[in-house]
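Okay, start.cif now, which holds mmCIF, C-alpha atoms:
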data_final
#
loop_
_atom_site.label_atom_id
_atom_site.label_comp_id
_atom_site.auth_asym_id
_atom_site.auth_seq_id
_atom_site.Cartn_x
_atom_site.Cartn_y
_atom_site.Cartn_z
CA MET A 10 -28.65 106.75 -22.87
CA ALA A 11 -26.06 104.35 -24.12
CA VAL A 12 -23.44 105.79 -21.82
CA ARG A 13 -25.76 105.38 -18.87
CA SER A 14 -26.46 101.74 -19.80
CA ARG A 15 -22.80 100.94 -20.02
CA GLY A 16 -22.24 102.46 -16.54
CA ALA A 17 -25.03 100.36 -15.08
CA TRP A 18 -23.65 97.18 -16.65
CA ARG A 19 -20.23 97.87 -15.16
CA ARG A 20 -21.69 98.38 -11.72
CA ARG A 21 -23.58 95.12 -11.98
CA LEU A 22 -20.42 93.32 -13.05
CA LEU A 23 -18.48 94.71 -10.09
CA VAL A 24 -21.22 93.66 -7.68
CA LEU A 25 -21.21 90.15 -9.17
CA LEU A 26 -17.42 89.87 -8.81
CA LEU A 27 -17.60 91.03 -5.17
CA LEU A 28 -20.30 88.49 -4.45
CA LEU A 29 -18.19 85.70 -6.01
CA LEU A 30 -15.12 86.72 -3.98
CA LEU A 31 -17.14 86.83 -0.77
CA ALA A 32 -18.65 83.44 -1.49
CA GLY A 33 -15.20 81.93 -2.15
CA SER A 34 -13.71 83.31 1.07
CA ALA A 35 -16.65 82.00 3.10
CA ALA A 36 -16.45 78.49 1.61
CA SER A 37 -12.70 78.01 2.08
CA PRO A 38 -12.68 77.70 5.93
CA ALA A 39 -15.57 75.25 5.83
CA GLU A 40 -13.80 73.11 3.26
CA GLU A 41 -10.55 73.22 5.21
CA GLY A 42 -12.32 72.34 8.44
CA GLY A 43 -14.19 69.55 6.74
CA GLY A 44 -10.91 68.22 5.34
CA ARG A 45 -9.33 68.23 8.80
CA ARG A 46 -12.30 66.36 10.27
CA GLU A 47 -12.10 63.72 7.55
CA ALA A 48 -8.35 63.35 8.07
CA ALA A 49 -9.02 62.81 11.75
CA GLY A 50 -11.54 60.10 10.95
CA GLY A 51 -14.62 62.08 11.93
CA GLY A 52 -16.46 61.86 8.60
CA GLU A 53 -19.52 59.66 8.59
CA HIS A 54 -20.65 59.81 4.92
CA GLY A 55 -19.13 59.24 1.53
CA GLU A 56 -16.30 57.19 0.18
CA GLU A 57 -13.59 59.36 1.74
CA ALA A 58 -15.15 58.94 5.21
CA ALA A 59 -15.27 55.12 4.88
CA ARG A 60 -11.68 54.71 3.67
CA PRO A 61 -9.90 55.51 6.99
CA HIS A 62 -12.17 53.01 8.82
CA HIS A 63 -11.31 50.29 6.27
CA ASP A 64 -7.61 50.99 6.62
CA SER A 65 -7.86 50.74 10.40
CA SER A 66 -9.67 47.37 10.27
CA TYR A 67 -7.11 45.93 7.86
CA GLY A 68 -4.27 47.07 10.08
CA THR A 69 -5.81 45.34 13.10
CA PHE A 70 -6.31 42.10 11.15
CA ALA A 71 -2.75 42.19 9.81
CA SER A 72 -1.36 42.78 13.28
CA GLU A 73 -3.31 39.87 14.79
CA PHE A 74 -2.34 37.57 11.92
CA TYR A 75 1.31 38.47 12.34
CA ASP A 76 1.16 37.79 16.06
CA LEU A 77 -0.43 34.35 15.52
CA ARG A 78 1.46 33.25 12.43
CA TYR A 79 4.96 34.58 12.91
CA LEU A 80 5.45 35.29 16.59
CA SER A 81 4.27 31.75 17.34
CA GLU A 82 7.07 30.35 15.19
CA GLU A 83 9.59 32.65 16.84
CA GLY A 84 9.10 31.32 20.35
CA TYR A 85 5.46 31.96 21.30
CA PRO A 86 3.86 28.52 20.97
CA PHE A 87 0.18 27.96 20.52
CA PRO A 88 -1.72 26.66 23.57
CA THR A 89 -1.23 22.91 23.99
CA ALA A 90 -2.95 20.19 26.00
CA PRO A 91 -1.50 19.57 29.46
CA PRO A 92 1.25 16.92 29.52
CA VAL A 93 0.23 13.35 30.28
CA ASP A 94 2.09 10.55 31.98
CA PRO A 95 4.00 8.71 29.19
CA PHE A 96 3.60 5.36 30.99
CA ALA A 97 0.66 4.63 33.24
CA LYS A 98 1.67 2.67 36.30
CA ILE A 99 0.59 -0.94 36.55
CA ARG A 100 -2.45 -1.37 38.78
CA VAL A 101 -2.40 -4.40 41.08
CA ASP A 102 -5.84 -3.74 42.57
CA ASP A 103 -7.32 -5.25 39.41
CA CYS A 104 -5.43 -8.53 39.80
CA GLY A 105 -7.81 -11.49 39.98
CA LYS A 106 -10.73 -9.25 38.95
CA THR A 107 -10.28 -7.71 35.52
CA LYS A 108 -6.88 -9.23 34.76
CA GLY A 109 -4.73 -12.18 35.75
CA CYS A 110 -1.46 -11.62 37.62
CA PHE A 111 1.68 -13.53 38.60
CA ARG A 112 3.94 -12.18 41.31
CA TYR A 113 7.33 -13.61 42.18
CA GLY A 114 9.31 -12.30 45.13
CA LYS A 115 8.55 -11.13 48.64
CA PRO A 116 5.07 -11.83 50.00
CA GLY A 117 2.78 -8.87 49.47
CA CYS A 118 4.91 -7.35 46.70
CA ASN A 119 3.45 -5.37 43.83
CA ALA A 120 4.44 -4.45 40.28
CA GLU A 121 7.12 -2.08 41.58
CA THR A 122 8.62 -4.29 44.29
CA CYS A 123 8.31 -7.91 43.08
CA ASP A 124 11.36 -9.58 41.61
CA TYR A 125 9.10 -10.37 38.66
CA PHE A 126 5.55 -9.32 37.81
CA LEU A 127 3.22 -10.20 34.92
CA SER A 128 -0.40 -9.39 34.16
CA TYR A 129 -2.67 -10.28 31.26
CA ARG A 130 -6.18 -9.34 30.17
CA ARG A 131 -8.30 -9.67 27.06
CA ILE A 132 -9.18 -6.50 25.15
CA GLY A 133 -11.31 -7.38 22.15
CA ALA A 134 -9.30 -9.55 19.78
CA ASP A 135 -6.05 -8.84 21.68
CA VAL A 136 -4.40 -9.80 24.94
CA GLU A 137 -2.65 -7.01 26.81
CA PHE A 138 0.45 -7.98 28.80
CA GLU A 139 2.25 -5.98 31.47
CA LEU A 140 5.72 -7.07 32.59
CA SER A 141 8.10 -5.71 35.19
CA ALA A 142 11.28 -7.04 36.79
CA ASP A 143 14.06 -5.89 39.08
CA THR A 144 16.72 -5.64 36.36
CA ASP A 145 18.42 -3.14 34.08
CA GLY A 146 18.41 -5.54 31.11
CA TRP A 147 15.34 -7.47 30.02
CA VAL A 148 12.14 -9.13 31.24
CA ALA A 149 10.23 -11.80 29.32
CA VAL A 150 7.38 -14.27 29.29
CA GLY A 151 7.42 -17.55 27.38
CA PHE A 152 4.49 -19.69 26.23
CA SER A 153 5.34 -23.38 26.45
CA SER A 154 3.59 -26.71 26.02
CA ASP A 155 5.59 -28.05 28.98
CA LYS A 156 7.53 -26.61 31.89
CA LYS A 157 10.89 -26.74 30.13
CA MET A 158 12.68 -24.26 27.92
CA GLY A 159 12.91 -25.19 24.27
CA GLY A 160 10.53 -24.64 21.38
CA ASP A 161 8.82 -21.73 23.14
CA ASP A 162 7.24 -18.51 21.88
CA VAL A 163 8.84 -15.68 23.91
CA MET A 164 8.02 -11.97 24.24
CA ALA A 165 10.75 -9.85 25.82
CA CYS A 166 11.07 -6.20 26.81
CA VAL A 167 14.69 -5.17 26.32
CA HIS A 168 16.38 -2.08 27.73
CA ASP A 169 18.92 -0.86 25.14
CA ASP A 170 21.94 1.43 25.44
CA ASN A 171 19.90 4.46 24.37
CA GLY A 172 17.62 4.13 27.39
CA ARG A 173 14.67 2.85 25.39
CA VAL A 174 12.66 -0.29 26.16
CA ARG A 175 11.89 -2.28 22.99
CA ILE A 176 9.48 -5.20 22.62
CA GLN A 177 11.12 -8.15 20.84
CA HIS A 178 9.96 -11.58 19.76
CA PHE A 179 12.10 -14.69 20.32
CA TYR A 180 11.88 -18.42 19.82
CA ASN A 181 13.69 -20.69 22.25
CA VAL A 182 15.97 -23.23 20.62
CA GLY A 183 17.01 -25.28 23.63
CA GLN A 184 18.53 -22.81 26.10
CA TRP A 185 19.24 -20.25 23.38
CA ALA A 186 16.81 -17.52 22.35
CA LYS A 187 16.67 -16.66 18.65
CA GLU A 188 15.10 -13.34 17.69
CA ILE A 189 12.26 -13.62 15.18
CA GLN A 190 11.70 -10.70 12.83
CA ARG A 191 7.96 -11.25 12.71
CA ASN A 192 6.78 -9.53 15.87
CA PRO A 193 3.11 -9.90 16.86
CA ALA A 194 3.33 -7.09 19.45
CA ARG A 195 1.55 -3.79 18.97
CA ASP A 196 0.68 -0.72 21.06
CA GLU A 197 4.08 -1.13 22.67
CA GLU A 198 5.34 1.05 25.48
CA GLY A 199 8.09 0.63 28.03
CA VAL A 200 10.13 2.49 30.60
CA PHE A 201 13.29 1.98 32.65
CA GLU A 202 12.98 3.56 36.11
CA ASN A 203 14.36 2.76 39.56
CA ASN A 204 16.49 -0.04 38.11
CA ARG A 205 13.38 -1.77 36.76
CA VAL A 206 12.34 -2.65 33.24
CA THR A 207 8.59 -2.25 32.81
CA CYS A 208 6.58 -2.61 29.62
CA ARG A 209 3.10 -3.02 28.20
CA PHE A 210 2.02 -4.40 24.83
CA LYS A 211 -0.76 -6.25 23.02
CA ARG A 212 -0.73 -9.25 20.71
CA PRO A 213 -3.60 -10.98 18.89
CA VAL A 214 -5.44 -13.87 20.47
CA TYR A 215 -5.64 -15.69 17.14
CA VAL A 216 -2.76 -15.78 14.67
CA PRO A 217 -2.13 -17.69 11.43
CA ARG A 218 -0.61 -21.05 12.19
CA GLU A 219 3.15 -20.70 12.59
CA GLU A 220 5.71 -22.56 14.65
CA THR A 221 7.17 -19.50 16.39
CA ILE A 222 3.87 -17.82 17.37
CA VAL A 223 1.25 -19.63 19.45
CA ASP A 224 -2.48 -19.04 19.59
CA LEU A 225 -3.25 -17.51 22.96
CA HIS A 226 -6.81 -18.81 23.00
CA LEU A 227 -5.20 -22.14 23.89
CA SER A 228 -3.77 -22.72 27.36
CA TRP A 229 0.01 -22.75 27.88
CA TYR A 230 2.52 -22.93 30.68
CA TYR A 231 4.00 -19.50 31.30
CA LEU A 232 7.77 -19.22 31.71
CA PHE A 233 9.01 -16.16 33.59
CA ALA A 234 12.54 -14.87 33.07
CA TRP A 235 14.65 -11.72 33.37
CA GLY A 236 18.31 -10.82 33.26
CA PRO A 237 21.04 -8.43 32.06
CA ALA A 238 21.52 -7.12 28.54
CA ILE A 239 24.68 -6.20 26.65
CA GLN A 240 24.32 -3.51 24.00
CA GLY A 241 20.60 -4.15 23.77
CA SER A 242 20.98 -7.95 23.42
CA ILE A 243 19.63 -10.32 26.05
CA THR A 244 21.98 -12.63 27.95
CA ARG A 245 21.43 -15.54 30.33
CA HIS A 246 18.64 -15.07 32.88
CA ASP A 247 19.43 -14.02 36.42
CA ILE A 248 18.54 -17.29 38.18
CA ASP A 249 19.36 -20.85 37.14
CA SER A 250 15.79 -22.10 37.40
CA PRO A 251 13.35 -19.33 36.38
CA PRO A 252 9.85 -19.66 37.82
CA VAL A 253 7.15 -21.43 35.83
CA SER A 254 3.39 -21.46 36.29
CA GLU A 255 2.25 -24.54 38.20
CA ARG A 256 -0.44 -25.29 35.62
CA VAL A 257 -1.42 -24.13 32.17
CA VAL A 258 -2.78 -20.60 32.01
CA SER A 259 -6.02 -19.64 30.27
CA ILE A 260 -6.48 -16.04 29.16
CA TYR A 261 -10.18 -16.46 29.90
CA LYS A 262 -9.58 -17.00 33.62
CA TYR A 263 -8.20 -14.23 35.84
CA GLU A 264 -6.25 -15.25 38.92
CA ASP A 265 -3.83 -13.49 41.25
CA ILE A 266 -1.03 -15.99 41.87
CA PHE A 267 1.91 -15.37 44.18
CA MET A 268 5.14 -17.40 43.97
CA PRO A 269 7.71 -16.84 46.74
CA SER A 270 11.27 -16.25 45.62
CA ALA A 271 14.12 -18.54 46.73
CA ALA A 272 14.72 -16.44 49.85
CA TYR A 273 11.20 -17.23 51.08
CA GLN A 274 10.65 -20.72 49.72
CA THR A 275 12.49 -22.43 52.62
CA PHE A 276 9.96 -21.26 55.15
CA SER A 277 7.03 -22.42 53.02
CA SER A 278 8.23 -25.97 52.30
CA PRO A 279 6.30 -28.83 54.04
CA PHE A 280 9.44 -30.19 55.70
CA CYS A 281 10.30 -26.80 57.16
CA LEU A 282 6.78 -26.31 58.48
CA LEU A 283 6.86 -29.75 60.12
CA LEU A 284 10.22 -28.95 61.68
CA ILE A 285 8.91 -25.67 63.07
CA VAL A 286 5.87 -27.42 64.60
CA ALA A 287 8.06 -30.09 66.21
CA LEU A 288 10.46 -27.50 67.62
CA THR A 289 7.59 -25.43 69.01
CA PHE A 290 6.04 -28.51 70.65
CA TYR A 291 9.40 -29.44 72.16
CA LEU A 292 9.89 -25.97 73.63
CA LEU A 293 6.36 -25.85 75.05
CA MET A 294 6.54 -29.30 76.66
CA GLY A 295 10.04 -28.88 77.98
CA THR A 296 12.52 -31.65 78.70
CA PRO A 297 11.59 -34.54 81.14
#

Please, can you express the file's structure as structure tokens?
Amino acid sequence: MAVRSRGAWRRRLLVLLLLLLLAGSAASPAEEGGGRREAAGGGEHGEEAARPHHDSSYGTFASEFYDLRYLSEEGYPFPTAPPVDPFAKIRVDDCGKTKGCFRYGKPGCNAETCDYFLSYRRIGADVEFELSADTDGWVAVGFSSDKKMGGDDVMACVHDDNGRVRIQHFYNVGQWAKEIQRNPARDEEGVFENNRVTCRFKRPVYVPREETIVDLHLSWYYLFAWGPAIQGSITRHDIDSPPVSERVVSIYKYEDIFMPSAAYQTFSSPFCLLLIVALTFYLLMGTP
């Protein structure tokens, strides 16, 4: 009876071992297949399935960051605003309307063709000036209590040897211009093109009382001058008698004033006009 029990126990043990071996062989392919699917990124559950997705997202972020941060510094610039004109051209259509203008030169000339051009307009607590002249040196405007040079507040746009146009402040001592370090100009810009010096700047209407800087809310005669420059320093003006405004100028009144240059003044003088009328009458009547 004991021998028979031992034989039955052995048979049961063998059956159990066979069942364990069969179960192990059946589970191995499934585990290997499941491992391959997870390696390929096909798992949908568990920590192991989420890890490949996290790694992929980090790699994409790192790649984009590298492209933006480092490739941009190595020659791939970020998008920028479209370029703008560094100096807006002077508009003459506004002369006599929203700004005052003085033109000196050929009749009908504008800021690009006049021998000399100046405009002014009030902008808040400032006065904006635009100057242009047919020169490669400097162009200036002086504020005077009379029509003569001497004791005048002068703003000049000077073309230097580096190609820049600088706004400088001078004070006339007789016929000599002395540069003043205190410069009331701001928002300065200038350009040298087509053998012309052109500039734009603002200066306050009201300033603390000082001999070399006038208050623009008062009316002054305007002196117009231009000429050559040597190493960025102004020299004598181009013409012996620079043009001057006929009357004092108020920044609160906008006019468009034309002054003919010397080449055109002969034909506009009263004597010349009278001579032309007499000659025309003589030709029409004929000789007796």

- Message: I want to know what sits within 12 Å of Asp103 (chain A), based on only C-alpha atoms, with residues of the same chain fewer than 5 positions away left out; could you give that as a PyMOL selection string?
- Response: chain A and resi 108-110+119-120+128-130+263-265

Those selected residues, please, written with C-alpha atoms and delivered as a PDB file, in the coordinates of the input.
ATOM      1  CA  LYS A 108      -6.880  -9.230  34.760  1.00  0.00           C
ATOM      2  CA  GLY A 109      -4.730 -12.180  35.750  1.00  0.00           C
ATOM      3  CA  CYS A 110      -1.460 -11.620  37.620  1.00  0.00           C
ATOM      4  CA  ASN A 119       3.450  -5.370  43.830  1.00  0.00           C
ATOM      5  CA  ALA A 120       4.440  -4.450  40.280  1.00  0.00           C
ATOM      6  CA  SER A 128      -0.400  -9.390  34.160  1.00  0.00           C
ATOM      7  CA  TYR A 129      -2.670 -10.280  31.260  1.00  0.00           C
ATOM      8  CA  ARG A 130      -6.180  -9.340  30.170  1.00  0.00           C
ATOM      9  CA  TYR A 263      -8.200 -14.230  35.840  1.00  0.00           C
ATOM     10  CA  GLU A 264      -6.250 -15.250  38.920  1.00  0.00           C
ATOM     11  CA  ASP A 265      -3.830 -13.490  41.250  1.00  0.00           C
TER      12      ASP A 265
END

- Item | Straight-line distance linking CA of Pro116 (chain A) with CA of Pro251 (chain A), stated in Å to one decimal |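 Taking CA of Pro116 (chain A) and CA of Pro251 (chain A), their separation equals 17.6 Å.
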
- Task: Take CA of Gly159 (chain A) and CA of Arg173 (chain A) and report the distance between them in Å, one decimal.
- Result: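 Atom-to-atom, CA of Gly159 (chain A) and CA of Arg173 (chain A) are spaced 28.1 Å apart.
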
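Within 8 Å of the point (3.0, -5.4, 33.6), counting all atoms listed in the file, the protein and nucleic acid residues come to Ile99, Ala120, Phe126, Leu127, Ser128, Tyr129, Phe138, Glu139, Leu140, Ser141, Thr207, Cys208 and Arg209 of chain A.
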
- Item | Interatomic distance, CA of Arg256 (chain A) to CA of Ala165 (chain A) (Å, one decimal) |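 Atom-to-atom, CA of Arg256 (chain A) and CA of Ala165 (chain A) are spaced 21.4 Å apart.
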
Region 104-161 of chain A near region 220-233 of chain A within 9 Å: what's each residue's closest atom pair and its distance in Å to one decimal, counting only C-alpha atoms, ordered by chain then ascending residue number, as JSON lines?
{"residue": "A:Tyr125", "atom": "CA", "partner": "A:Phe233", "partner_atom": "CA", "distance": 7.7}
{"residue": "A:Phe126", "atom": "CA", "partner": "A:Phe233", "partner_atom": "CA", "distance": 8.8}
{"residue": "A:Leu127", "atom": "CA", "partner": "A:Phe233", "partner_atom": "CA", "distance": 8.4}
{"residue": "A:Val136", "atom": "CA", "partner": "A:Leu225", "partner_atom": "CA", "distance": 8.0}
{"residue": "A:Val148", "atom": "CA", "partner": "A:Phe233", "partner_atom": "CA", "distance": 8.0}
{"residue": "A:Ala149", "atom": "CA", "partner": "A:Phe233", "partner_atom": "CA", "distance": 6.2}
{"residue": "A:Val150", "atom": "CA", "partner": "A:Phe233", "partner_atom": "CA", "distance": 5.0}
{"residue": "A:Gly151", "atom": "CA", "partner": "A:Leu232", "partner_atom": "CA", "distance": 4.7}
{"residue": "A:Phe152", "atom": "CA", "partner": "A:Tyr231", "partner_atom": "CA", "distance": 5.1}
{"residue": "A:Ser153", "atom": "CA", "partner": "A:Tyr230", "partner_atom": "CA", "distance": 5.1}
{"residue": "A:Ser154", "atom": "CA", "partner": "A:Trp229", "partner_atom": "CA", "distance": 5.7}
{"residue": "A:Asp155", "atom": "CA", "partner": "A:Tyr230", "partner_atom": "CA", "distance": 6.2}
{"residue": "A:Lys156", "atom": "CA", "partner": "A:Tyr230", "partner_atom": "CA", "distance": 6.3}
{"residue": "A:Lys157", "atom": "CA", "partner": "A:Leu232", "partner_atom": "CA", "distance": 8.3}
{"residue": "A:Met158", "atom": "CA", "partner": "A:Leu232", "partner_atom": "CA", "distance": 8.0}
{"residue": "A:Gly160", "atom": "CA", "partner": "A:Thr221", "partner_atom": "CA", "distance": 7.9}
{"residue": "A:Asp161", "atom": "CA", "partner": "A:Thr221", "partner_atom": "CA", "distance": 7.3}

- Selected by the PyMOL selection byres ((chain A and resi 189-196) around 7) in the shown coordinates: which residues, as a PyMOL selection string? chain A and resi 177-180+187-188+197-198+210-212

- Have a look at A:Val174, A:Val101, A:Ala134, A:Ile260 and name the one nearest to Trp147 (chain A); count all atoms listed in the file.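 When distances to Trp147 (chain A) are compared using all atoms listed in the file, the smallest one comes from A:Val174.
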
Picked residues, the PyMOL selection byres ((chain A and resi 205) around 8), as a CSV table (one decimal) with C-alpha atoms, in the frame of the given file:
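What ended up in result_28.csv:
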chain,number,residue,atom,x,y,z
A,121,GLU,CA,7.1,-2.1,41.6
A,141,SER,CA,8.1,-5.7,35.2
A,142,ALA,CA,11.3,-7.0,36.8
A,143,ASP,CA,14.1,-5.9,39.1
A,144,THR,CA,16.7,-5.6,36.4
A,145,ASP,CA,18.4,-3.1,34.1
A,201,PHE,CA,13.3,2.0,32.6
A,202,GLU,CA,13.0,3.6,36.1
A,203,ASN,CA,14.4,2.8,39.6
A,204,ASN,CA,16.5,0.0,38.1
A,206,VAL,CA,12.3,-2.6,33.2
A,207,THR,CA,8.6,-2.2,32.8

- Item | Which of A:Arg21, A:Arg218, A:Val200, A:Ala238 sits closest to Lys98 (chain A) [using all atoms listed in the file] | A:Val200

- Message: I'd like the contact shell of Gln240 (chain A) - 9 Å cut-off, all atoms listed in the file, skipping same-chain residues fewer than 3 positions apart - returned as a list in words.
- Response: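 In the requested form, the answer reads His168, Asp169, Asp170 and Ile243 of chain A.
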